[in-house]
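Printed here is run32.txt (compact mmCIF, C-alpha atoms):
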# COMPACT_ATOMS: atom_id res chain seq x y z
CA MET A 1 37.44 -49.55 -23.68
CA LYS A 2 34.10 -47.85 -23.77
CA THR A 3 35.76 -44.47 -23.27
CA LYS A 4 38.07 -44.94 -26.24
CA LEU A 5 35.15 -45.79 -28.53
CA ASP A 6 33.21 -42.75 -27.36
CA THR A 7 36.24 -40.51 -27.91
CA ALA A 8 36.77 -41.97 -31.40
CA HIS A 9 33.09 -41.47 -32.22
CA ILE A 10 33.23 -37.84 -31.07
CA ARG A 11 36.35 -37.27 -33.20
CA ASP A 12 34.53 -38.73 -36.28
CA VAL A 13 31.57 -36.43 -35.71
CA LYS A 14 33.88 -33.39 -35.44
CA ILE A 15 35.62 -34.37 -38.69
CA LYS A 16 32.24 -34.76 -40.45
CA ASP A 17 31.08 -31.42 -39.05
CA MET A 18 34.30 -29.79 -40.26
CA ARG A 19 33.83 -31.25 -43.77
CA ILE A 20 30.24 -29.98 -43.93
CA PHE A 21 31.35 -26.55 -42.72
CA LEU A 22 34.13 -26.41 -45.34
CA LEU A 23 31.72 -27.52 -48.08
CA ILE A 24 29.23 -24.80 -47.11
CA LEU A 25 32.04 -22.24 -46.97
CA ILE A 26 33.35 -23.22 -50.42
CA LEU A 27 29.87 -23.19 -51.96
CA GLY A 28 29.22 -19.80 -50.36
CA ILE A 29 32.43 -18.38 -51.82
CA ILE A 30 31.63 -19.79 -55.27
CA PHE A 31 28.09 -18.36 -55.11
CA HIS A 32 29.42 -14.98 -53.94
CA ILE A 33 32.02 -14.83 -56.71
CA GLY A 34 29.76 -16.25 -59.44
CA PHE A 35 26.45 -14.52 -58.75
CA ALA A 36 25.19 -11.09 -57.77
CA ASN A 37 21.90 -9.45 -56.88
CA PHE A 38 20.65 -6.59 -59.05
CA LYS A 39 17.68 -4.28 -58.47
CA VAL A 40 15.85 -2.91 -61.52
CA ASP A 41 15.74 0.88 -61.46
CA GLY A 42 13.67 2.44 -64.21
CA GLU A 43 11.14 1.51 -66.87
CA SER A 44 13.43 0.46 -69.74
CA MET A 45 12.83 -3.27 -69.20
CA GLU A 46 9.10 -3.03 -68.42
CA SER A 47 6.92 -5.89 -69.57
CA THR A 48 9.82 -8.21 -68.72
CA TYR A 49 11.03 -6.80 -65.38
CA GLU A 50 9.33 -4.19 -63.22
CA LYS A 51 10.98 -1.30 -61.42
CA GLY A 52 12.22 -2.44 -58.00
CA GLU A 53 12.30 -6.13 -58.95
CA ARG A 54 15.36 -8.05 -57.72
CA LEU A 55 17.24 -10.15 -60.26
CA LEU A 56 19.97 -12.77 -59.94
CA VAL A 57 22.98 -12.22 -62.22
CA ASN A 58 25.25 -15.09 -63.32
CA LYS A 59 28.73 -13.55 -63.54
CA ILE A 60 30.51 -16.76 -64.60
CA VAL A 61 28.66 -17.86 -67.75
CA TYR A 62 30.47 -15.50 -70.15
CA LYS A 63 33.85 -16.81 -69.02
CA PHE A 64 32.97 -20.05 -70.89
CA SER A 65 30.77 -18.90 -73.78
CA PRO A 66 30.05 -15.55 -75.48
CA PRO A 67 26.79 -13.61 -75.07
CA GLU A 68 24.00 -14.56 -77.48
CA LEU A 69 21.17 -12.70 -79.19
CA GLY A 70 18.29 -12.17 -76.80
CA ASP A 71 20.37 -12.48 -73.63
CA VAL A 72 19.34 -10.02 -70.92
CA ILE A 73 22.61 -8.69 -69.58
CA VAL A 74 23.79 -6.50 -66.75
CA PHE A 75 26.68 -4.22 -67.68
CA TYR A 76 28.66 -1.25 -66.50
CA ASP A 77 28.17 2.02 -68.39
CA PRO A 78 31.43 3.96 -67.98
CA LYS A 79 29.95 7.17 -69.46
CA ASP A 80 27.33 7.54 -66.70
CA ASP A 81 29.13 5.41 -64.08
CA THR A 82 26.03 3.21 -63.67
CA VAL A 83 25.07 -0.44 -63.95
CA LEU A 84 22.27 -1.17 -66.44
CA VAL A 85 20.15 -4.11 -67.58
CA LYS A 86 19.29 -4.46 -71.30
CA ARG A 87 18.68 -7.11 -73.99
CA ILE A 88 21.28 -7.95 -76.66
CA ILE A 89 19.86 -7.34 -80.14
CA ALA A 90 23.06 -7.43 -82.22
CA LEU A 91 26.35 -9.33 -82.03
CA PRO A 92 29.94 -8.47 -82.94
CA LYS A 93 30.45 -7.52 -86.60
CA ASP A 94 26.71 -6.78 -87.04
CA ILE A 95 25.47 -3.47 -88.44
CA VAL A 96 22.74 -1.62 -86.50
CA GLU A 97 20.71 1.26 -87.87
CA ILE A 98 17.50 2.98 -86.74
CA ILE A 99 15.26 4.59 -89.35
CA GLU A 100 12.14 6.44 -88.19
CA GLY A 101 12.01 4.40 -84.99
CA VAL A 102 12.56 0.97 -86.60
CA ILE A 103 15.68 -0.97 -85.65
CA PHE A 104 17.52 -2.65 -88.52
CA VAL A 105 20.17 -5.30 -87.87
CA ASN A 106 22.26 -6.14 -90.94
CA GLY A 107 19.69 -4.37 -93.12
CA VAL A 108 16.74 -6.42 -91.81
CA PRO A 109 14.08 -4.92 -89.49
CA LEU A 110 14.27 -6.33 -85.98
CA LEU A 111 11.02 -8.18 -85.38
CA ASP A 112 11.24 -9.49 -81.85
CA GLU A 113 8.32 -9.47 -79.41
CA TYR A 114 9.47 -6.10 -78.03
CA SER A 115 9.65 -4.28 -81.38
CA SER A 116 5.94 -3.52 -81.63
CA GLY A 117 6.61 0.02 -80.42
CA LEU A 118 8.84 2.29 -82.43
CA ILE A 119 11.81 3.88 -80.73
CA GLY A 120 11.09 7.49 -80.07
CA VAL A 121 10.45 10.24 -77.61
CA LEU A 122 7.00 11.45 -76.57
CA LEU A 123 6.75 15.12 -77.47
CA VAL A 124 5.56 17.41 -74.67
CA ASN A 125 4.75 21.09 -74.49
CA ALA A 126 6.30 23.66 -72.13
CA GLU A 127 3.88 22.60 -69.37
CA GLY A 128 5.00 18.98 -69.66
CA LYS A 129 1.74 17.81 -71.23
CA PRO A 130 2.02 15.45 -74.23
CA TYR A 131 1.13 16.63 -77.70
CA ILE A 132 -1.91 14.89 -79.16
CA ASN A 133 -2.60 14.62 -82.89
CA TRP A 134 -5.88 16.50 -83.24
CA LYS A 135 -6.95 14.35 -86.24
CA THR A 136 -6.33 10.92 -84.72
CA GLY A 137 -6.31 11.67 -80.99
CA GLU A 138 -3.03 9.74 -80.64
CA LEU A 139 0.04 10.86 -78.72
CA VAL A 140 2.77 12.42 -80.86
CA TYR A 141 6.24 10.89 -80.83
CA GLU A 142 9.45 12.00 -82.46
CA TYR A 143 10.94 8.81 -83.81
CA SER A 144 14.63 8.11 -83.52
CA ASN A 145 17.13 7.81 -86.30
CA LEU A 146 20.63 6.40 -85.98
CA SER A 147 23.17 6.11 -88.74
CA LYS A 148 24.78 2.74 -89.33
CA GLN A 149 26.77 1.47 -86.35
CA TYR A 150 29.38 -1.14 -87.27
CA LEU A 151 30.02 -3.36 -84.26
CA ARG A 152 33.59 -4.44 -83.63
CA GLU A 153 34.84 -7.86 -82.55
CA ASP A 154 34.24 -7.09 -78.86
CA GLU A 155 31.00 -5.08 -79.10
CA TYR A 156 27.31 -5.89 -78.69
CA TYR A 157 24.24 -3.74 -79.20
CA ALA A 158 21.79 -3.72 -76.30
CA ILE A 159 18.50 -1.94 -75.63
CA GLY A 160 15.67 -2.26 -73.12
CA ASP A 161 12.47 -4.19 -73.83
CA ASN A 162 10.31 -1.09 -73.36
CA ARG A 163 11.46 0.45 -76.62
CA THR A 164 9.51 3.69 -76.13
CA ALA A 165 11.25 4.37 -72.80
CA SER A 166 14.67 2.88 -73.39
CA TRP A 167 17.89 3.64 -75.05
CA PHE A 168 21.42 2.48 -74.88
CA GLY A 169 23.54 1.19 -77.71
CA ILE A 170 26.96 -0.35 -78.02
CA VAL A 171 28.27 -2.34 -75.05
CA LYS A 172 31.88 -3.44 -74.90
CA GLU A 173 32.36 -7.07 -73.90
CA GLU A 174 34.70 -6.05 -71.08
CA ASN A 175 31.86 -4.07 -69.45
CA ILE A 176 29.39 -6.98 -69.36
CA ILE A 177 28.96 -8.20 -65.79
CA GLY A 178 26.71 -11.17 -66.50
CA ILE A 179 23.39 -12.58 -67.65
CA ILE A 180 20.08 -12.46 -65.78
CA VAL A 181 19.08 -15.85 -64.38
CA ASP A 182 15.38 -16.58 -64.87

Structure encoded using C-alpha cells:
Amino acid sequence: MKTKLDTAHIRDVKIKDMRIFLLILILGIIFHIGFANFKVDGESMESTYEKGERLLVNKIVYKFSPPELGDVIVFYDPKDDTVLVKRIIALPKDIVEIIEGVIFVNGVPLLDEYSSGLIGVLLVNAEGKPYINWKTGELVYEYSNLSKQYLREDEYYAIGDNRTASWFGIVKEENIIGIIVD
C-alpha cells in the first residue's frame, strides 16, 4: 500500500508542477504580447527621460480606452520608418497652431510644465557656432510657426518635452504602439 500512496503523491506533485509551468507560460505570453521594451534615442524627451534610458511600453491599454492629454506614447512614424516617444498635447478634433514658438490648442496657449521654452531652432553660423545677441548676450533662436492643423477623428498631436530640441506633429491612432509605464 505504501507504494501506491507514494506513486499517487508523485503524480499530484507532477500535476501541480505542470499547472505552475502553464501559468508561468501563459503569463509570459501575455506579458510579451502586452508589453515591450523601448530605448530612448535622442534629446526630445529630456527632463523626463534621458537618452539611453529603457522604458516599458503598455501595448494593451489603448485597446480598452483612447489616449488622453499628457500621455507619453510610443508610435511608429511611417515617413521616417522609425519608432518615437512623445507627449500628447492635443486630441481628435482639436486645432493646433504655433505662433512665434508658442503652441496654441483650440486658440489657447499651451501652458504645461514643458512649455517654458519656445519651439524654435538655434541659429548657427557656417562654422556651426551659435549666434549670440550682442546686446543681451543670449543665444539667438528662430521660432517656429505652424498654420492651423485641424485634427481628424483618429489623429492626435504629439511633441517631445524638450520643446527646443523636439518636433513631431500629427500622429494617427493606428500608428500608436502604446503608453509609457512609469

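Among the candidates A:Asn125, A:Asn133, A:Ser44, A:Ser166, the residue lying nearest to Gly101 (chain A) is A:Ser166 (atoms considered: only C-alpha atoms).
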
* Asked: Quick one: of A:Gly107, A:Pro92, A:Gly160, A:Gly137, who's nearest to Ile119 (chain A), counting only C-alpha atoms?
  ->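 That would be A:Gly160, the residue with the smallest distance to Ile119 (chain A).
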
inquiry  = Calculated over only C-alpha atoms, which of the candidates A:Lys16, A:Asp41, A:Gly169, A:Gly34 has the smallest distance to Thr82 (chain A)?
reply    =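 Comparing A:Lys16, A:Asp41, A:Gly169, A:Gly34 against Thr82 (chain A), the winner is A:Asp41.
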
Which value, in Å to one decimal, gives the distance between CA of Val40 (chain A) and CA of Glu53 (chain A)?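 We find that CA of Val40 (chain A) and CA of Glu53 (chain A) lie 5.4 Å from each other.
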
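Considering the residues A:Tyr143, A:Phe38, A:Tyr114, A:Tyr76 and counting all atoms listed in the file, Asp161 (chain A) has its shortest atom-to-atom contact with A:Tyr114.
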
Query - Glu142 (chain A) surroundings by only C-alpha atoms, 9 Å radius, close-in-sequence under 6 positions cut, as number ranges by chain - result: A: 100-101, 119-123

Counting all atoms listed in the file, the residue among A:Ile95, A:Leu84, A:Val105, A:Leu23 that lies closest to Asn175 (chain A) is A:Leu84

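Using only C-alpha atoms for every distance, the candidate list A:Met18, A:Ile132, A:Asn162, A:Asn106 yields A:Asn106 as the residue closest to Tyr150 (chain A).
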
From CA of Ile60 (chain A) to CA of Val83 (chain A) the spacing works out at 17.2 Å

To one decimal in Å, tell me the separation between CA of Ile177 (chain A) and CA of Leu146 (chain A).
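Here the two named atoms are 26.3 Å from each other.
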
Please provide the set of residues having any atom within 8 Å of Leu69 (chain A), restricted to only C-alpha atoms, with same-chain residues fewer than 2 positions apart removed, written as an mmCIF file with C-alpha atoms, in the frame of the given file.
data_model
loop_
_atom_site.group_PDB
_atom_site.id
_atom_site.type_symbol
_atom_site.label_atom_id
_atom_site.label_comp_id
_atom_site.auth_asym_id
_atom_site.auth_seq_id
_atom_site.Cartn_x
_atom_site.Cartn_y
_atom_site.Cartn_z
ATOM 1 C CA PRO A 67 26.790 -13.610 -75.070
ATOM 2 C CA ASP A 71 20.370 -12.480 -73.630
ATOM 3 C CA ILE A 88 21.280 -7.950 -76.660
ATOM 4 C CA ILE A 89 19.860 -7.340 -80.140
ATOM 5 C CA ALA A 90 23.060 -7.430 -82.220
ATOM 6 C CA LEU A 91 26.350 -9.330 -82.030
#
